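Novice: Handing you a structure now.
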Amino acid sequence: MPEPISIIIPAFNQLEYCRQCIASITANTRRAYRLILVDNGSTDGVSEFFDAVPGAEAVHSAENLGFAAGVNLGLARATGHALLLNSDTLLPAGWLGRLEQALLQAPDIGMVGPRSNCVSGGQQIDGLEFASMTEVEAFSQDLAQRCQGRVRDTDRLVAFCVLIRDEVRQRAGGLDERYGLGNFEDDDYCLRVRQAGYRLCVAEDAFVFHYGSRTFLGMGLTDEKWRSLMAANEQRYTEKWGLRPEHRTDAALESRQLNERAHAALAQGDMASALGFLKDAIAAFPLLERNYNDLGAILWEIGERERAYAAFAQAVRLRPGYGDARANLRHAAEALGKSGEAEALLGREDTECGGA
């Protein structure tokens, strides 16, 4: 039998997300694994919960050492391939097996990562919304069938979920702890792995749901505090390597967070704030199609139908296969007498692997 994969989960508080994450691993992971749970100075019951997880090895720090140092506590105890995993993830059936199959496709693949609904860079699949784990499972299985066995080379993988080959883990060592609470330590590690002669690949058929930034949000690292942390760690990376990080699109992550705030404002009936958040989201990252669709929905509701039509059309231009935007554009076009014009856009379908 193959050696178990070491799954390392560092956590600082966020007990409920930790429970959900580990429950999904237990329910949906057939590949042999061992859990290494790192309590990074938690105060909300995570420490006791980790100690109670059957078969897991719990590691405790008296204080929050930051993401990299927490991961390193786990890596020091790892055997075999190692998987780094954020505690605010949900793992659908077959997730780990698909990642390992991608890793083992070639001996020079050093690390692989999945696609996700919330991740910066090329692993992101935009436009995804899930109401339940059942919906996550359905999307994951559909993606697995459509993209079976496909891998794509990349320059960067995000450590919210990344599988590291055993020999790479031993050769590259731990994450650089100078990045403190987190961000850019995964860019740093990716560069080191590539410099050692290994490839980084996205497993196109693997999907992991990510709530996104729950630990940072719980620590109050939002808005200006978040931007300050990002700027400081980007500077550390630049000074260390003499170059800027490659292919980072944290503007997209900021945009998605603003979109979430818009939805929260809508839920409270504050349409004006929702509009403001969506406009800020578009300004932060103009290529995120869901912002235009959501903006169009509000504009339609308040009677600004021409602007709503234009927003729906832009969402479809950015991602032709975006189902909600296509339906909204078709409805708006019929109401405004623009069906012929809209069909030029609606006639194109998104056939890329990974589209929603």
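Going by the structure tokens order, chains are called A, B, ..., each with residues numbered from 1, while ligands are numbered from 1 in the order shown.
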Going by DSSP on the backbone, which residues of stretch 85-275 of chain A come out as strand (DSSP E)? List them as a list in words.
Specialist: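 So the strand (DSSP E) residues in stretch 85-275 of chain A would be Leu85, Thr89, Leu90, Ile109, Gly110, Met111, Val112, Gly113, Pro114, Arg115, Val151, Arg152, Asp153, Thr154, Cys161, Val162, Leu163, Ile164, Arg199, Leu200, Cys201, Val202, Ala203, Glu204, Asp205, Ala206, Phe207, Phe209 and His210 of chain A.
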Novice: A:Arg171: which residues within 10 Å, counting only C-alpha atoms, same-chain residues fewer than 3 positions away excluded, as a list in words?
Specialist: Arg165, Asp166, Glu167, Val168, Gly174, Arg192, Val193 and Ala196 of chain A
Novice: Using only C-alpha atoms, which residues sit within 10 Å of A:Ala265 once same-chain residues fewer than 4 positions away are excluded, as a VMD selection string?
Specialist: chain A and resid 259 to 261 269 to 277
Novice: What are the nearest atom pairs, with distances in Å to one decimal, for all residues of stretch 128-166 of chain A that come at most 6 Å from stretch 80-92 of chain A, using only C-alpha atoms, set out by chain and rising residue number as a Markdown table?
Specialist:
| residue | atom | partner | partner_atom | distance |
| --- | --- | --- | --- | --- |
| A:Glu137 | CA | A:Pro92 | CA | 5.5 |
| A:Phe160 | CA | A:Asn86 | CA | 4.9 |
| A:Cys161 | CA | A:Leu85 | CA | 4.5 |
| A:Val162 | CA | A:Leu84 | CA | 5.4 |
| A:Leu163 | CA | A:Leu83 | CA | 4.3 |
| A:Ile164 | CA | A:Ala82 | CA | 5.2 |
| A:Arg165 | CA | A:His81 | CA | 4.8 |
| A:Asp166 | CA | A:His81 | CA | 4.3 |
Novice: May I ask which of the residues A:Glu135, A:Ala283, A:Cys201, A:Phe184 is the closest one to A:Gln235, counting only C-alpha atoms?
Specialist: A:Phe184
